[in-house]
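Structure file model.txt (compact mmCIF, C-alpha atoms) is printed below.
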```txt
# COMPACT_ATOMS: atom_id res chain seq x y z
CA MET E 1 -15.15 18.16 20.16
CA PRO E 2 -12.98 19.62 22.94
CA ILE E 3 -9.86 17.77 23.92
CA THR E 4 -11.28 16.65 27.26
CA THR E 5 -14.06 14.64 25.65
CA PHE E 6 -11.48 12.33 24.06
CA PHE E 7 -11.09 10.79 27.50
CA SER E 8 -14.69 11.21 28.59
CA ARG E 9 -16.36 8.42 30.53
CA ARG E 10 -19.75 9.43 29.14
CA ASP E 11 -21.66 7.24 26.73
CA ASP E 12 -21.53 7.62 22.95
CA GLU E 13 -24.82 9.49 22.79
CA ARG E 14 -23.58 12.30 25.02
CA GLN E 15 -20.31 12.47 23.08
CA GLU E 16 -22.28 12.76 19.86
CA ASN E 17 -24.37 15.58 21.32
CA THR E 18 -21.18 17.43 22.27
CA GLU E 19 -19.91 17.10 18.71
CA ARG E 20 -23.18 18.42 17.32
CA ARG E 21 -22.84 21.57 19.40
CA LEU E 22 -19.20 22.37 18.75
CA ARG E 23 -18.61 21.39 15.09
CA GLN E 24 -14.93 20.66 15.58
CA ARG E 25 -12.67 21.19 12.57
CA LEU E 26 -11.69 17.84 11.05
CA VAL E 27 -8.88 16.93 8.68
CA VAL E 28 -9.48 13.43 7.38
CA HIS E 29 -6.43 11.50 6.16
CA ALA E 30 -7.12 8.52 3.90
CA ARG E 31 -4.63 5.68 3.52
CA ASN E 32 -4.20 6.47 -0.17
CA GLY E 33 -2.91 9.95 0.73
CA ARG E 34 -6.12 11.85 0.06
CA ILE E 35 -6.92 14.65 2.52
CA LEU E 36 -10.39 16.05 3.22
CA TYR E 37 -11.41 19.07 5.32
CA GLY E 38 -14.73 19.61 6.99
CA PHE E 39 -17.15 19.13 9.86
CA SER E 40 -19.26 16.22 11.00
CA LEU E 41 -22.53 16.58 12.88
CA SER E 42 -22.72 12.93 13.89
CA LEU E 43 -19.33 11.25 14.07
CA ASN E 44 -19.72 7.98 15.95
CA LYS E 45 -16.44 6.06 16.19
CA ASN E 46 -18.32 2.79 16.62
CA ALA E 47 -20.10 3.13 13.27
CA ASP E 48 -18.72 1.99 9.90
CA SER E 49 -18.69 5.50 8.42
CA PHE E 50 -19.65 9.12 9.00
CA VAL E 51 -20.86 12.07 6.94
CA LEU E 52 -18.39 14.91 6.38
CA ASP E 53 -19.58 18.39 5.36
CA LEU E 54 -16.76 19.53 3.10
CA VAL E 55 -14.90 22.85 3.26
CA ASP E 56 -11.64 24.04 1.72
CA ARG E 57 -8.50 24.98 3.66
CA ASN E 58 -9.87 28.51 4.07
CA ASN E 59 -12.94 27.10 5.85
CA VAL E 60 -15.22 27.98 2.92
CA SER E 61 -18.04 25.50 2.39
CA LEU E 62 -17.90 23.41 -0.78
CA GLY E 63 -21.66 22.97 -0.60
CA LYS E 64 -21.62 19.19 -0.43
CA SER E 65 -21.28 16.30 1.97
CA ILE E 66 -19.80 12.84 1.49
CA LYS E 67 -19.96 9.55 3.32
CA VAL E 68 -16.54 8.54 4.64
CA PRO E 69 -15.88 4.85 5.47
CA PHE E 70 -13.53 4.41 8.43
CA ALA E 71 -11.93 1.39 6.73
CA GLU E 72 -10.32 3.69 4.13
CA LEU E 73 -8.73 6.01 6.68
CA LYS E 74 -5.46 6.57 8.45
CA GLY E 75 -7.20 8.77 10.98
CA VAL E 76 -9.47 11.71 11.68
CA PHE E 77 -7.44 14.67 12.95
CA TYR E 78 -9.20 17.20 15.18
CA VAL E 79 -7.34 20.41 14.39
CA LYS E 80 -6.96 23.91 15.76
CA SER E 81 -7.11 25.40 12.27
CA PHE E 82 -7.31 24.11 8.72
CA ASP E 83 -4.28 26.06 7.51
CA GLY E 84 -2.00 25.24 10.45
CA ARG E 85 -2.00 28.80 11.82
CA PHE E 86 -3.40 29.32 15.30
CA ASP E 87 -2.96 31.28 18.51
CA PRO E 88 -1.37 28.90 21.09
CA ALA E 89 -2.94 30.91 23.91
CA MET E 90 -6.37 29.77 22.75
CA PHE E 91 -5.48 26.08 22.97
CA PRO E 92 -3.97 25.10 26.34
CA HIS E 93 -2.32 21.70 26.17
CA VAL E 94 -4.03 19.71 28.91
CA ILE E 95 -3.31 16.01 29.36
CA PRO E 96 -5.92 14.25 31.53
CA GLU E 97 -4.57 12.57 34.64
CA GLY E 98 -3.95 8.86 34.28
CA SER E 99 -3.53 8.89 30.49
CA LEU E 100 -1.12 6.42 28.89
CA PRO E 101 1.92 7.63 26.87
CA VAL E 102 2.11 5.73 23.57
CA VAL E 103 3.95 5.84 20.26
CA LEU E 104 2.10 5.24 16.99
CA GLU E 105 3.82 4.07 13.82
CA PHE E 106 1.68 4.50 10.71
CA ALA E 107 1.99 2.57 7.47
CA ASP E 108 2.98 5.78 5.64
CA GLY E 109 6.03 6.16 7.91
CA GLU E 110 4.70 8.85 10.23
CA ILE E 111 5.49 8.41 13.93
CA ILE E 112 3.42 10.21 16.56
CA SER E 113 3.97 10.31 20.31
CA ALA E 114 0.65 10.71 22.09
CA TYR E 115 -1.49 9.96 25.12
CA ALA E 116 -4.30 7.40 25.16
CA SER E 117 -7.02 7.17 27.78
CA SER E 118 -6.14 3.59 28.76
CA ALA E 119 -4.53 0.38 27.56
CA ARG E 120 -7.99 -1.06 27.01
CA SER E 121 -8.95 1.68 24.56
CA LEU E 122 -6.00 0.70 22.34
CA GLU E 123 -7.62 -2.68 21.68
CA GLU E 124 -10.57 -1.07 19.91
CA PRO E 125 -10.77 -0.83 16.08
CA ARG E 126 -10.29 2.94 16.40
CA PHE E 127 -9.38 5.05 19.39
CA TYR E 128 -8.68 8.64 20.42
CA VAL E 129 -5.26 10.00 21.35
CA VAL E 130 -3.93 13.44 22.25
CA PRO E 131 -0.59 14.36 20.61
CA GLN E 132 2.30 14.84 23.00
CA ASP E 133 3.62 17.84 21.05
CA GLU E 134 1.85 20.93 22.38
CA ARG E 135 2.99 22.86 19.28
CA SER E 136 1.04 20.50 17.04
CA ASN E 137 -1.96 21.74 15.10
CA ASN E 138 -3.77 18.60 16.23
CA LEU E 139 -6.01 18.70 19.28
CA GLY E 140 -6.56 14.98 19.04
CA ILE E 141 -6.67 12.09 16.60
CA LEU E 142 -9.16 9.32 16.03
CA VAL E 143 -6.73 6.61 14.95
CA GLU E 144 -7.72 3.74 12.68
CA ARG E 145 -5.92 0.78 14.23
CA ASP E 146 -5.51 -1.09 10.94
CA ALA E 147 -3.55 1.88 9.56
CA LEU E 148 -0.80 1.28 12.14
CA THR E 149 2.30 -0.84 11.67
CA GLY E 150 3.32 -0.39 15.30
CA LEU E 151 1.69 0.59 18.58
CA TYR E 152 3.89 0.85 21.67
CA ARG E 153 3.85 2.14 25.18
CA ALA E 154 6.36 4.98 25.36
CA GLU E 155 8.84 3.13 27.57
CA GLU E 156 8.60 0.03 25.39
CA TYR E 157 9.34 2.14 22.32
CA ARG E 158 12.36 3.80 23.95
CA GLN E 159 13.77 0.40 24.86
CA ARG E 160 13.17 -0.85 21.33
CA LEU E 161 15.02 2.13 19.86
CA LYS E 162 17.88 1.63 22.31
CA THR E 163 18.27 -2.01 21.28
CA GLU E 164 18.06 -1.17 17.58
CA PHE E 165 20.61 1.63 17.91
CA GLU E 166 23.07 -0.61 19.74
CA ALA E 167 22.89 -3.08 16.86
CA TYR E 168 23.19 -0.24 14.33
CA ALA E 169 26.20 1.24 16.16
CA ARG E 170 27.99 -2.11 16.04
CA LEU E 171 27.58 -2.16 12.27
CA LYS E 172 29.04 1.36 12.09
CA ALA E 173 31.85 0.69 14.56
CA ASP E 174 34.57 0.95 11.90
CA SER E 175 33.17 4.09 10.26
CA GLY E 176 35.13 6.47 12.47
CA LEU E 177 32.07 8.70 12.85
CA PRO E 178 31.28 10.41 16.17
CA LYS E 179 28.41 8.88 18.14
CA GLN E 180 26.12 11.88 17.60
CA GLU E 181 26.51 11.59 13.84
CA VAL E 182 25.80 7.86 13.97
CA LEU E 183 22.66 8.68 15.97
CA GLY E 184 21.71 11.17 13.27
CA ASP E 185 22.15 8.53 10.57
CA PHE E 186 20.12 6.08 12.65
CA TYR E 187 17.14 8.42 12.91
CA PHE E 188 17.47 9.60 9.31
CA GLU E 189 17.12 6.03 8.04
CA ARG E 190 13.96 5.73 10.14
CA HIS E 191 12.53 8.91 8.58
CA ASN E 192 12.74 10.86 11.84
CA TYR E 193 14.38 13.81 10.12
CA ILE E 194 13.86 16.32 12.92
CA ARG E 195 15.68 14.12 15.41
CA ALA E 196 18.40 13.37 12.84
CA LEU E 197 18.95 17.10 12.24
CA GLN E 198 19.28 17.73 15.98
CA TYR E 199 22.11 15.21 16.23
CA TYR E 200 23.85 16.47 13.09
CA LEU E 201 23.79 20.01 14.46
CA GLU E 202 25.24 18.80 17.75
CA VAL E 203 28.19 17.37 15.83
CA THR E 204 28.89 20.74 14.20
CA LYS E 205 29.17 22.28 17.68
CA GLU E 206 31.32 19.56 19.21
CA GLU E 207 33.51 18.36 16.35
CA LYS E 208 36.06 20.71 14.83
CA GLY E 209 38.19 19.96 11.80
CA GLY E 210 36.13 16.98 10.65
CA ASP E 211 34.63 16.34 7.26
CA GLU E 212 32.36 19.38 7.19
CA ARG E 213 31.25 18.77 3.60
CA ARG E 214 29.92 15.31 4.48
CA LEU E 215 28.09 16.65 7.50
CA MET E 216 26.60 19.61 5.61
CA LYS E 217 25.19 17.23 3.00
CA LYS E 218 23.46 15.31 5.77
CA ILE E 219 22.12 18.50 7.35
CA CYS E 220 20.77 19.69 4.00
CA ALA E 221 19.17 16.30 3.32
CA ALA E 222 17.50 16.31 6.74
CA ARG E 223 16.16 19.85 6.27
CA TYR E 224 14.93 19.03 2.77
CA ASN E 225 12.99 16.01 4.03
CA ILE E 226 11.57 18.00 6.95
CA GLY E 227 10.25 20.49 4.41
CA ILE E 228 8.73 17.75 2.25
CA CYS E 229 6.99 16.23 5.27
CA HIS E 230 5.71 19.66 6.28
CA MET E 231 4.19 20.24 2.84
CA ARG E 232 2.58 16.81 2.74
CA GLN E 233 0.98 17.30 6.13
CA ARG E 234 -0.51 20.60 5.00
CA ASP E 235 -1.53 19.45 1.53
CA TYR E 236 0.27 22.25 -0.37
```

Target format structure tokens, applied to this file:
Amino acid sequence: MPITTFFSRRDDERQENTERRLRQRLVVHARNGRILYGFSLSLNKNADSFVLDLVDRNNVSLGKSIKVPFAELKGVFYVKSFDGRFDPAMFPHVIPEGSLPVVLEFADGEIISAYASSARSLEEPRFYVVPQDERSNNLGILVERDALTGLYRAEEYRQRLKTEFEAYARLKADSGLPKQEVLGDFYFERHNYIRALQYYLEVTKEEKGGDERRLMKKICAARYNIGICHMRQRDY
């Protein structure tokens, strides 16, 4: 299914016909950590389940299909490729006008910034979003609402983080650490390792003569966890 149909105003039948024609690559993430790859000829988000024709990560058919209940899922990820390698020029990142910036917090700790078609769509048991990160392998995600621990409008989430950081900074007031390092610690404890690494690296540029060993340990820990997350997302 092309990215534009995530925000289509057409009825479910026409959406289903589009999916039948295009056979979009799907990576199905279950809440228990299981990952499935395949195609679906009749994925209807309003049904209780769908049939997935299984392939491996090299897009080779496994010769079987399974019924996948939505209730067991974290989400259905519409991907550019199964192995994470793709030509960006073939996938322009187009965000439909009027879409709503949101932040999704999943029960497994993953946080995704994305765009939803409307506030009303977020009230449904499952809904489509387009990831904000244009470098992502995901074209779009059919999110299972019950798999979320938090669902915020982008501005609401930024304000929440600001409030939480102010409280965190007060607790660290006597640590003697520079603000950027405290920010790094704040994001590290929330499993946002990429953001944490960015702040730690900023400290290395701005602070001279500090405790470099302490900072290098934090940088190594952030990079290690980024690598672990990368491998989990790609099912190595």

Query raised in the report: Could you pull the residues within 9 Å of stretch 125-131 of chain E, counting all atoms listed in the file, minus those fewer than 3 positions along the same chain, as a PyMOL selection string?
Result: chain E and resi 3+6-7+45-46+70+75+95+102+112-117+121-122+134+136+138-146

**Report entry** Atomic separation - atom CA of E:Tyr78 relative to atom CA of E:Asn225, Å
**Finding:**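 Between atom CA of E:Asn225 and atom CA of E:Tyr78 the gap is 24.9 Å.
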
Report task. Give me, please, the distance in Å between atom CA of E:Phe165 and atom CA of E:Leu183, quoted to one decimal. Result ->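 Atom CA of E:Leu183 lies at a distance of 7.6 Å from atom CA of E:Phe165.
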
Query - Given all atoms listed in the file as the counted atoms, nearest of E:Ser49, E:Ile111, E:Arg160, E:Phe186 to E:Ala71 - result: E:Ser49

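Reported to one decimal place, the separation of atom CA of E:Gly38 from atom CA of E:Ile66 is 10.1 Å.
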
Query raised in the report: E:Glu155, E:Asn192, E:Lys67, E:Leu26: which is nearest E:Ala47, counting only C-alpha atoms?
Result: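 Smallest distance to E:Ala47 is found for E:Lys67.
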
Query raised in the report: Which residue gives the smallest distance to E:Ile228 among E:Ile194, E:Leu36, E:Ala169, E:Val94, with only C-alpha atoms counted?
Result: E:Ile194

Query - Within 9 Å of file point (-7.8, 24.9, 18.3), counting only C-alpha atoms, expressed as a list in words - result: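 Selection result: Pro2, Gln24, Arg25, Tyr78, Val79, Lys80, Ser81, Phe86, Asp87, Pro88, Met90, Phe91, Pro92, Asn137, Asn138 and Leu139 of chain E.
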
**Report entry** Residue with smallest distance to E:Asn32 - pool E:Ala221, E:Leu73, E:Ala173, E:Val68, counting all atoms listed in the file
**Finding:** E:Leu73

Query raised in the report: Which one of E:Arg158, E:Lys179, E:Arg223, E:Arg85 sits closest to E:His191 if you count only C-alpha atoms?
Result: E:Arg223

**Report entry** Selected residue, from E:Gly227, E:Glu181, E:Arg195, E:Ser118, that lies nearest to E:Pro96 when counting all atoms listed in the file
**Finding:**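 Of E:Gly227, E:Glu181, E:Arg195, E:Ser118, the one nearest E:Pro96 is E:Ser118, counting all atoms listed in the file.
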
Requested in this report: Find the residues around E:Ala196 up to 7 Å (all atoms listed in the file counted), leave out those fewer than 2 positions away in its own chain, and share them as a PyMOL selection string.
Outcome: chain E and resi 184-185+187-188+192-194+198-200+222
